[in-house]
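**Student:** Sharing structure.pdb (PDB, C-alpha atoms and all ligand atoms) below.
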ATOM      1  CA  MET A   1       0.000   0.000   0.000
ATOM      2  CA  ILE A   2       1.313   3.445  -0.905
ATOM      3  CA  GLU A   3       1.599   5.705   2.148
ATOM      4  CA  ARG A   4      -0.207   9.012   1.863
ATOM      5  CA  VAL A   5       1.924  12.131   2.087
ATOM      6  CA  LYS A   6       1.852  13.757   5.511
ATOM      7  CA  SER A   7       1.826  17.479   5.990
ATOM      8  CA  ALA A   8       1.700  20.081   8.750
ATOM      9  CA  VAL A   9      -0.067  23.417   8.877
ATOM     10  CA  PHE A  10       1.516  26.320  10.802
ATOM     11  CA  ALA A  11      -0.857  28.959  12.155
ATOM     12  CA  SER A  12      -0.817  31.748  14.735
ATOM     13  CA  GLY A  13      -4.421  32.924  14.745
ATOM     14  CA  THR A  14      -7.939  32.090  13.690
ATOM     15  CA  GLY A  15      -7.067  29.191  11.459
ATOM     16  CA  SER A  16      -9.794  29.642   8.858
ATOM     17  CA  ASN A  17      -7.407  28.517   6.122
ATOM     18  CA  PHE A  18      -6.436  25.514   8.218
ATOM     19  CA  GLU A  19     -10.143  24.717   8.547
ATOM     20  CA  ALA A  20     -10.681  25.068   4.802
ATOM     21  CA  ILE A  21      -7.793  22.696   4.122
ATOM     22  CA  MET A  22      -9.199  20.174   6.596
ATOM     23  CA  ASN A  23     -12.660  20.429   5.049
ATOM     24  CA  GLN A  24     -11.356  19.648   1.579
ATOM     25  CA  LYS A  25     -12.704  16.157   1.027
ATOM     26  CA  GLU A  26     -10.248  15.168  -1.647
ATOM     27  CA  LEU A  27      -7.052  16.549  -0.137
ATOM     28  CA  ALA A  28      -4.035  14.769  -1.621
ATOM     29  CA  CYS A  29      -2.254  14.552   1.741
ATOM     30  CA  ASP A  30      -3.014  13.943   5.390
ATOM     31  CA  VAL A  31      -2.657  16.981   7.622
ATOM     32  CA  VAL A  32      -1.470  15.303  10.812
ATOM     33  CA  LEU A  33       0.023  18.209  12.755
ATOM     34  CA  LEU A  34      -0.802  21.816  13.560
ATOM     35  CA  VAL A  35       2.174  23.885  14.709
ATOM     36  CA  CYS A  36       1.024  26.983  16.557
ATOM     37  CA  ASP A  37       3.235  29.618  18.180
ATOM     38  CA  GLN A  38       0.368  31.275  20.105
ATOM     39  CA  PRO A  39      -0.874  29.193  23.067
ATOM     40  CA  GLY A  40      -4.358  30.774  23.007
ATOM     41  CA  ALA A  41      -4.953  30.724  19.257
ATOM     42  CA  LYS A  42      -8.352  29.702  17.873
ATOM     43  CA  ALA A  43      -6.580  27.457  15.383
ATOM     44  CA  ILE A  44      -5.779  25.100  18.280
ATOM     45  CA  GLU A  45      -9.490  24.565  19.046
ATOM     46  CA  LYS A  46     -10.059  23.836  15.376
ATOM     47  CA  ALA A  47      -7.285  21.225  15.412
ATOM     48  CA  HIS A  48      -8.914  19.519  18.383
ATOM     49  CA  LYS A  49     -12.225  19.479  16.535
ATOM     50  CA  PHE A  50     -10.570  17.719  13.604
ATOM     51  CA  GLY A  51      -8.540  15.411  15.847
ATOM     52  CA  VAL A  52      -5.270  16.849  14.544
ATOM     53  CA  LYS A  53      -2.258  16.745  16.861
ATOM     54  CA  VAL A  54      -1.074  20.180  18.018
ATOM     55  CA  PHE A  55       2.452  21.255  18.794
ATOM     56  CA  VAL A  56       2.398  24.577  20.632
ATOM     57  CA  ALA A  57       5.759  26.131  19.886
ATOM     58  CA  ASP A  58       6.083  28.970  22.368
ATOM     59  CA  ARG A  59       9.118  31.051  21.347
ATOM     60  CA  GLU A  60       9.550  32.256  24.943
ATOM     61  CA  HIS A  61      10.472  28.742  26.013
ATOM     62  CA  TYR A  62      13.589  28.691  23.843
ATOM     63  CA  ASN A  63      16.865  30.611  24.125
ATOM     64  CA  SER A  64      17.271  31.167  20.427
ATOM     65  CA  LYS A  65      15.395  31.041  17.163
ATOM     66  CA  ILE A  66      17.582  28.083  16.189
ATOM     67  CA  ALA A  67      16.550  26.109  19.297
ATOM     68  CA  PHE A  68      12.907  27.068  18.692
ATOM     69  CA  GLU A  69      12.985  25.832  15.105
ATOM     70  CA  GLU A  70      14.947  22.703  16.040
ATOM     71  CA  ALA A  71      12.162  21.789  18.467
ATOM     72  CA  ILE A  72       9.638  22.243  15.660
ATOM     73  CA  ILE A  73      11.735  20.118  13.295
ATOM     74  CA  THR A  74      11.880  17.333  15.885
ATOM     75  CA  GLU A  75       8.061  17.271  15.918
ATOM     76  CA  LEU A  76       7.854  17.417  12.135
ATOM     77  CA  LYS A  77      10.249  14.496  11.755
ATOM     78  CA  LEU A  78       8.454  12.483  14.424
ATOM     79  CA  ALA A  79       5.232  12.923  12.485
ATOM     80  CA  GLN A  80       7.010  12.153   9.171
ATOM     81  CA  ILE A  81       5.977  15.478   7.702
ATOM     82  CA  GLU A  82       6.916  16.103   4.063
ATOM     83  CA  TRP A  83       5.183  19.411   3.401
ATOM     84  CA  VAL A  84       4.656  22.488   5.555
ATOM     85  CA  PHE A  85       1.794  24.846   4.759
ATOM     86  CA  LEU A  86       1.863  28.226   6.488
ATOM     87  CA  ALA A  87      -1.612  29.611   7.089
ATOM     88  CA  GLY A  88      -1.421  32.833   9.035
ATOM     89  CA  TYR A  89       1.866  31.905  10.732
ATOM     90  CA  MET A  90       3.105  35.280  11.949
ATOM     91  CA  ARG A  91       6.833  34.534  12.160
ATOM     92  CA  ILE A  92       9.654  34.755   9.704
ATOM     93  CA  VAL A  93      10.802  31.238   8.915
ATOM     94  CA  GLY A  94      14.496  30.935   9.807
ATOM     95  CA  GLU A  95      17.446  29.262   8.166
ATOM     96  CA  THR A  96      17.097  26.153  10.356
ATOM     97  CA  LEU A  97      13.609  25.284   9.131
ATOM     98  CA  LEU A  98      14.295  26.399   5.574
ATOM     99  CA  GLU A  99      17.284  24.065   5.325
ATOM    100  CA  SER A 100      15.390  21.071   6.697
ATOM    101  CA  TYR A 101      12.394  21.594   4.414
ATOM    102  CA  GLN A 102      13.925  23.060   1.260
ATOM    103  CA  GLY A 103      11.282  23.724  -1.376
ATOM    104  CA  LYS A 104       8.623  22.198   0.853
ATOM    105  CA  ILE A 105       7.395  25.228   2.783
ATOM    106  CA  VAL A 106       4.499  27.111   1.218
ATOM    107  CA  ASN A 107       2.617  30.235   2.325
ATOM    108  CA  ILE A 108      -0.615  31.986   1.439
ATOM    109  CA  HIS A 109      -0.718  35.773   1.400
ATOM    110  CA  PRO A 110      -3.735  38.081   0.921
ATOM    111  CA  SER A 111      -2.391  40.294  -1.873
ATOM    112  CA  LEU A 112      -1.031  40.024  -5.380
ATOM    113  CA  LEU A 113       2.629  39.700  -4.462
ATOM    114  CA  PRO A 114       5.079  41.337  -4.909
ATOM    115  CA  GLU A 115       2.610  44.093  -4.042
ATOM    116  CA  PHE A 116       1.784  44.610  -0.358
ATOM    117  CA  PRO A 117       3.989  42.067   1.437
ATOM    118  CA  GLY A 118       4.075  41.849   5.227
ATOM    119  CA  ILE A 119       1.348  42.529   7.736
ATOM    120  CA  ASP A 120      -2.095  43.965   6.989
ATOM    121  CA  ALA A 121      -1.812  43.378   3.254
ATOM    122  CA  ILE A 122      -5.550  43.883   2.787
ATOM    123  CA  GLY A 123      -5.474  47.231   4.595
ATOM    124  CA  GLN A 124      -2.396  48.279   2.625
ATOM    125  CA  ALA A 125      -4.126  47.512  -0.674
ATOM    126  CA  TYR A 126      -7.362  49.197   0.399
ATOM    127  CA  ASP A 127      -5.562  52.350   1.544
ATOM    128  CA  ALA A 128      -3.543  52.468  -1.672
ATOM    129  CA  GLY A 129      -6.809  52.613  -3.628
ATOM    130  CA  VAL A 130      -5.911  49.798  -6.012
ATOM    131  CA  LYS A 131      -8.668  48.523  -8.296
ATOM    132  CA  VAL A 132      -7.525  44.919  -8.131
ATOM    133  CA  THR A 133      -5.880  42.883  -5.438
ATOM    134  CA  GLY A 134      -5.941  39.174  -4.722
ATOM    135  CA  VAL A 135      -4.338  36.140  -3.177
ATOM    136  CA  THR A 136      -0.922  34.574  -3.700
ATOM    137  CA  VAL A 137       0.406  31.138  -2.821
ATOM    138  CA  HIS A 138       4.198  31.022  -2.859
ATOM    139  CA  PHE A 139       7.203  29.059  -1.730
ATOM    140  CA  VAL A 140       8.837  30.422   1.383
ATOM    141  CA  ASP A 141      12.359  31.801   1.210
ATOM    142  CA  ARG A 142      14.480  33.989   3.511
ATOM    143  CA  GLY A 143      12.473  37.155   2.875
ATOM    144  CA  ILE A 144       9.058  38.317   3.943
ATOM    145  CA  ASP A 145       6.575  37.072   1.322
ATOM    146  CA  THR A 146       9.278  37.112  -1.370
ATOM    147  CA  GLY A 147       9.551  33.466  -2.448
ATOM    148  CA  PRO A 148       8.707  32.093  -5.907
ATOM    149  CA  ILE A 149       5.034  32.482  -6.742
ATOM    150  CA  ILE A 150       3.058  29.286  -7.330
ATOM    151  CA  ALA A 151      -0.455  30.624  -7.979
ATOM    152  CA  GLN A 152      -2.457  33.835  -7.833
ATOM    153  CA  GLU A 153      -6.103  34.804  -8.013
ATOM    154  CA  VAL A 154      -7.273  38.326  -8.755
ATOM    155  CA  ILE A 155     -10.070  40.088  -6.877
ATOM    156  CA  GLU A 156     -11.606  43.343  -7.980
ATOM    157  CA  VAL A 157     -11.861  46.096  -5.384
ATOM    158  CA  LEU A 158     -15.358  47.543  -5.727
ATOM    159  CA  ALA A 159     -16.204  51.189  -5.163
ATOM    160  CA  THR A 160     -18.632  50.019  -2.470
ATOM    161  CA  ASP A 161     -16.070  47.852  -0.662
ATOM    162  CA  THR A 162     -15.130  48.404   2.953
ATOM    163  CA  ILE A 163     -12.025  46.749   4.387
ATOM    164  CA  ASP A 164     -14.348  44.159   5.934
ATOM    165  CA  SER A 165     -16.147  43.259   2.719
ATOM    166  CA  LEU A 166     -12.855  43.053   0.849
ATOM    167  CA  HIS A 167     -11.419  40.929   3.622
ATOM    168  CA  ARG A 168     -14.357  38.512   3.382
ATOM    169  CA  ARG A 169     -14.014  38.088  -0.386
ATOM    170  CA  ILE A 170     -10.267  37.560  -0.098
ATOM    171  CA  GLN A 171     -10.700  34.931   2.584
ATOM    172  CA  THR A 172     -13.345  33.100   0.576
ATOM    173  CA  MET A 173     -10.900  33.040  -2.315
ATOM    174  CA  GLU A 174      -8.060  31.845  -0.065
ATOM    175  CA  HIS A 175     -10.157  28.973   1.202
ATOM    176  CA  LYS A 176     -10.692  27.732  -2.365
ATOM    177  CA  LEU A 177      -7.218  28.412  -3.696
ATOM    178  CA  TYR A 178      -5.030  26.958  -0.957
ATOM    179  CA  PRO A 179      -6.460  23.402  -0.921
ATOM    180  CA  ARG A 180      -6.406  23.370  -4.739
ATOM    181  CA  VAL A 181      -2.733  24.398  -4.888
ATOM    182  CA  ILE A 182      -1.824  21.900  -2.179
ATOM    183  CA  ASN A 183      -3.324  19.139  -4.287
ATOM    184  CA  GLU A 184      -1.516  20.303  -7.401
ATOM    185  CA  LEU A 185       1.806  20.438  -5.546
ATOM    186  CA  ILE A 186       1.424  16.984  -4.086
ATOM    187  CA  ASN A 187       0.100  15.376  -7.226
ATOM    188  CA  GLY A 188       3.098  16.752  -9.080
ATOM    189  CA  GLY A 189       1.319  19.238 -11.296
ATOM    190  CA  LEU A 190       3.645  21.978 -10.094
ATOM    191  CA  ILE A 191       7.415  21.908  -9.734
ATOM    192  CA  SER A 192       8.855  22.639  -6.285
TER
HETATM  193  C1  LIG A 201      -4.769  34.819   5.766
HETATM  194  O1  LIG A 201      -5.339  35.958   5.187
HETATM  195  C2  LIG A 201      -3.468  34.490   5.111
HETATM  196  O2  LIG A 201      -3.406  34.859   3.776
HETATM  197  C3  LIG A 201      -2.471  35.288   5.909
HETATM  198  O3  LIG A 201      -2.950  35.242   7.232
HETATM  199  C4  LIG A 201      -4.353  35.084   7.213
HETATM  200  C5  LIG A 201      -4.688  33.940   8.116
HETATM  201  O4  LIG A 201      -6.052  33.819   8.328
HETATM  202  N1  LIG A 201      -1.134  34.782   5.749
HETATM  203  P1  LIG A 201      -6.644  32.525   9.033
HETATM  204  O5  LIG A 201      -5.960  32.401  10.394
HETATM  205  O6  LIG A 201      -6.368  31.347   8.168
HETATM  206  O7  LIG A 201      -8.097  32.805   9.196
END
Would you mind writing the file's structure down as structure tokens?
**Tutor:**
Amino acid sequence: MIERVKSAVFASGTGSNFEAIMNQKELACDVVLLVCDQPGAKAIEKAHKFGVKVFVADREHYNSKIAFEEAIITELKLAQIEWVFLAGYMRIVGETLLESYQGKIVNIHPSLLPEFPGIDAIGQAYDAGVKVTGVTVHFVDRGIDTGPIIAQEVIEVLATDTIDSLHRRIQTMEHKLYPRVINELINGGLIS
């Protein structure tokens, strides 16, 4: 029997993308671990609901970023994780993790990168008055939201939009796009 690919999701907050991935009936991998750096995050409750193991990686418990990421890697290896999907993980991935999971760490970002990287991308786009924005899925590299782009979806900013309405449409798009790209990556439709 061929073993299914195992993956982990990293989240710091609400975890709606994590939930969307878990709700995808035909996901090409098993999400067997949630790594969360915020002990009180809602994403943790969602993991419990889905019966997914949680590793709470509290940065304050480690002397260095290297030690912090080594502890995460130990958990990833224990769970035989092949792919890491960041979904609202609010930390810059360091050299230690990048080296262990070269070409296997993917992120979703709520803008059309390279426009509006970093925090509050939706607010940045809204304030800039752009007519289109969107969602990007990309490989993670040393920079902040700078890695090679895998897929993008465009969303029109309507004259009637508020930040909240734009946010809702972007999230709805994210929830469709991320599981689809995950499947394409794992089924080999895209080169990592
Ligand atoms: C998403 O908008 C994602 O693009 C960004 O962080 C947000 C996480 O939202 N990286 P959620 O926790 O998945 O609801």
**Student:** Report, in Å to a single decimal, how far apart CA of Phe18 in chain A and CA of Ala121 in chain A are.
**Tutor:**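 Atom-to-atom, CA of Ala121 in chain A and CA of Phe18 in chain A are spaced 19.1 Å apart.
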**Student:** With a cut-off of 9 Å, could you pull out the residues of chain A touching ligand LIG 201 (chain A) and give me the nearest pair of atoms for each, distance in Å to one decimal, using only C-alpha atoms and all ligand atoms, ordered by chain and ascending number, as CSV?
**Tutor:**
residue,atom,partner,partner_atom,distance
A:Ala11,CA,A:LIG201,O5,6.4
A:Ser12,CA,A:LIG201,O5,6.8
A:Gly13,CA,A:LIG201,O5,4.6
A:Thr14,CA,A:LIG201,O5,3.9
A:Gly15,CA,A:LIG201,O5,3.6
A:Ser16,CA,A:LIG201,O7,3.6
A:Asn17,CA,A:LIG201,O6,3.6
A:Phe18,CA,A:LIG201,O6,5.8
A:Glu19,CA,A:LIG201,O6,7.6
A:Ala20,CA,A:LIG201,O6,8.3
A:Lys42,CA,A:LIG201,O5,8.3
A:Ala43,CA,A:LIG201,O5,7.1
A:Leu86,CA,A:LIG201,N1,7.2
A:Ala87,CA,A:LIG201,O6,5.2
A:Gly88,CA,A:LIG201,O3,3.4
A:Tyr89,CA,A:LIG201,N1,6.5
A:Met90,CA,A:LIG201,N1,7.5
A:Asn107,CA,A:LIG201,N1,6.8
A:Ile108,CA,A:LIG201,O2,4.6
A:His109,CA,A:LIG201,O2,3.7
A:Pro110,CA,A:LIG201,O2,4.3
A:Ser111,CA,A:LIG201,O2,7.9
A:Gly118,CA,A:LIG201,N1,8.8
A:Ile119,CA,A:LIG201,N1,8.4
A:Asp120,CA,A:LIG201,C3,8.8
A:Ala121,CA,A:LIG201,O1,8.4
A:Ile122,CA,A:LIG201,O1,8.3
A:Val135,CA,A:LIG201,O2,7.1
A:Thr136,CA,A:LIG201,O2,7.9
A:Val137,CA,A:LIG201,O2,8.5
A:His167,CA,A:LIG201,O1,8.0
A:Ile170,CA,A:LIG201,O1,7.4
A:Gln171,CA,A:LIG201,O1,6.0
A:Glu174,CA,A:LIG201,O2,6.7
A:His175,CA,A:LIG201,O6,8.3
**Student:** Step by step, work through what the PyMOL selection byres (((chain A and resi 33-41) around 7) and not hetatm) selects in the shown file, and finish by giving those residues as number ranges by chain.
**Tutor:** A: 8-14, 31-32, 42-44, 47, 52-59
**Student:** Mind telling me what the PyMOL selection byres (((chain A and resi 92) around 8) and not hetatm) catches here, as a ChimeraX atom specification?
**Tutor:** /A:90-91,93-94,142-144
**Student:** Need the shell around Ala28 in chain A: protein/DNA/RNA residues with any atom at most 8 Å away, counting only C-alpha atoms. Skip same-chain ones fewer than 2 positions apart. Format as a list of chain:residue names?
**Tutor:**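 The residues that qualify are A:Arg4, A:Val5, A:Glu26, A:Asp30, A:Ile182, A:Asn183, A:Ile186, A:Asn187.
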**Student:** As lines of an AutoDock Vina configuration file, please: the centre and edge lengths in Å, to one decimal, of an axis-aligned box enclosing every listed atom of range 18-25 of chain A with 6 Å added on each side.
**Tutor:**
center_x = -9.6
center_y = 20.8
center_z = 4.8
size_x = 18.3
size_y = 21.4
size_z = 19.5
**Student:** By how many Å are CA of Asp164 in chain A and CA of Thr146 in chain A apart?
**Tutor:** 25.7 Å
**Student:** Could you check which of A:Arg180, A:Lys77, A:Lys6, A:Arg169 is closest to Glu156 in chain A, using all atoms listed in the file?
**Tutor:**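 For Glu156 in chain A, the nearest of the given residues is A:Arg169.
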**Student:** How many Å lie between CA of Lys176 in chain A and CA of Tyr126 in chain A, rounded to one decimal?
**Tutor:**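 One can read the CA of Lys176 in chain A to CA of Tyr126 in chain A distance as 21.9 Å.
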**Student:** Could you list, as a list in words, every residue matched by the PyMOL selection byres (((chain A and resi 150) around 10) and not hetatm) in this structure?
**Tutor:**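 Evaluating the PyMOL selection byres (((chain A and resi 150) around 10) and not hetatm) on these coordinates yields Val106, Asn107, Ile108, Thr136, Val137, His138, Phe139, Gly147, Pro148, Ile149, Ala151, Gln152, Val181, Leu185, Leu190, Ile191 and Ser192 of chain A.
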**Student:** Counting all atoms listed in the file, find residues at most 10 Å from (11.5, 20.2, 7.4) (file frame) and give them as a list in words.
**Tutor:**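 Residues found, by chain and rising number: Ala8, Glu69, Glu70, Ile72, Ile73, Thr74, Glu75, Leu76, Lys77, Gln80, Ile81, Glu82, Trp83, Val84, Thr96, Leu97, Leu98, Glu99, Ser100, Tyr101, Gln102, Gly103, Lys104 and Ile105 of chain A.
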**Student:** Residues as selected, C-alpha atoms, written as an mmCIF file, in the frame of the given file, can you do that?
**Tutor:**
data_model
loop_
_atom_site.group_PDB
_atom_site.id
_atom_site.type_symbol
_atom_site.label_atom_id
_atom_site.label_comp_id
_atom_site.auth_asym_id
_atom_site.auth_seq_id
_atom_site.Cartn_x
_atom_site.Cartn_y
_atom_site.Cartn_z
ATOM 1 C CA ALA A 8 1.700 20.081 8.750
ATOM 2 C CA GLU A 69 12.985 25.832 15.105
ATOM 3 C CA GLU A 70 14.947 22.703 16.040
ATOM 4 C CA ILE A 72 9.638 22.243 15.660
ATOM 5 C CA ILE A 73 11.735 20.118 13.295
ATOM 6 C CA THR A 74 11.880 17.333 15.885
ATOM 7 C CA GLU A 75 8.061 17.271 15.918
ATOM 8 C CA LEU A 76 7.854 17.417 12.135
ATOM 9 C CA LYS A 77 10.249 14.496 11.755
ATOM 10 C CA GLN A 80 7.010 12.153 9.171
ATOM 11 C CA ILE A 81 5.977 15.478 7.702
ATOM 12 C CA GLU A 82 6.916 16.103 4.063
ATOM 13 C CA TRP A 83 5.183 19.411 3.401
ATOM 14 C CA VAL A 84 4.656 22.488 5.555
ATOM 15 C CA THR A 96 17.097 26.153 10.356
ATOM 16 C CA LEU A 97 13.609 25.284 9.131
ATOM 17 C CA LEU A 98 14.295 26.399 5.574
ATOM 18 C CA GLU A 99 17.284 24.065 5.325
ATOM 19 C CA SER A 100 15.390 21.071 6.697
ATOM 20 C CA TYR A 101 12.394 21.594 4.414
ATOM 21 C CA GLN A 102 13.925 23.060 1.260
ATOM 22 C CA GLY A 103 11.282 23.724 -1.376
ATOM 23 C CA LYS A 104 8.623 22.198 0.853
ATOM 24 C CA ILE A 105 7.395 25.228 2.783
#
**Student:** Counting only C-alpha atoms, which of A:Ile21, A:Leu78, A:Glu95, A:Ser165 gets nearest to Lys65 in chain A?
**Tutor:**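 Smallest separation from Lys65 in chain A among the options: A:Glu95.
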**Student:** Name the closest residue to Tyr178 in chain A among the candidates A:Ile66, A:Phe85, A:Lys46, A:Leu158; distances are taken between atoms, counting all atoms listed in the file.
**Tutor:**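 Checking each of A:Ile66, A:Phe85, A:Lys46, A:Leu158 against Tyr178 in chain A, counting all atoms listed in the file, the winner is A:Phe85.
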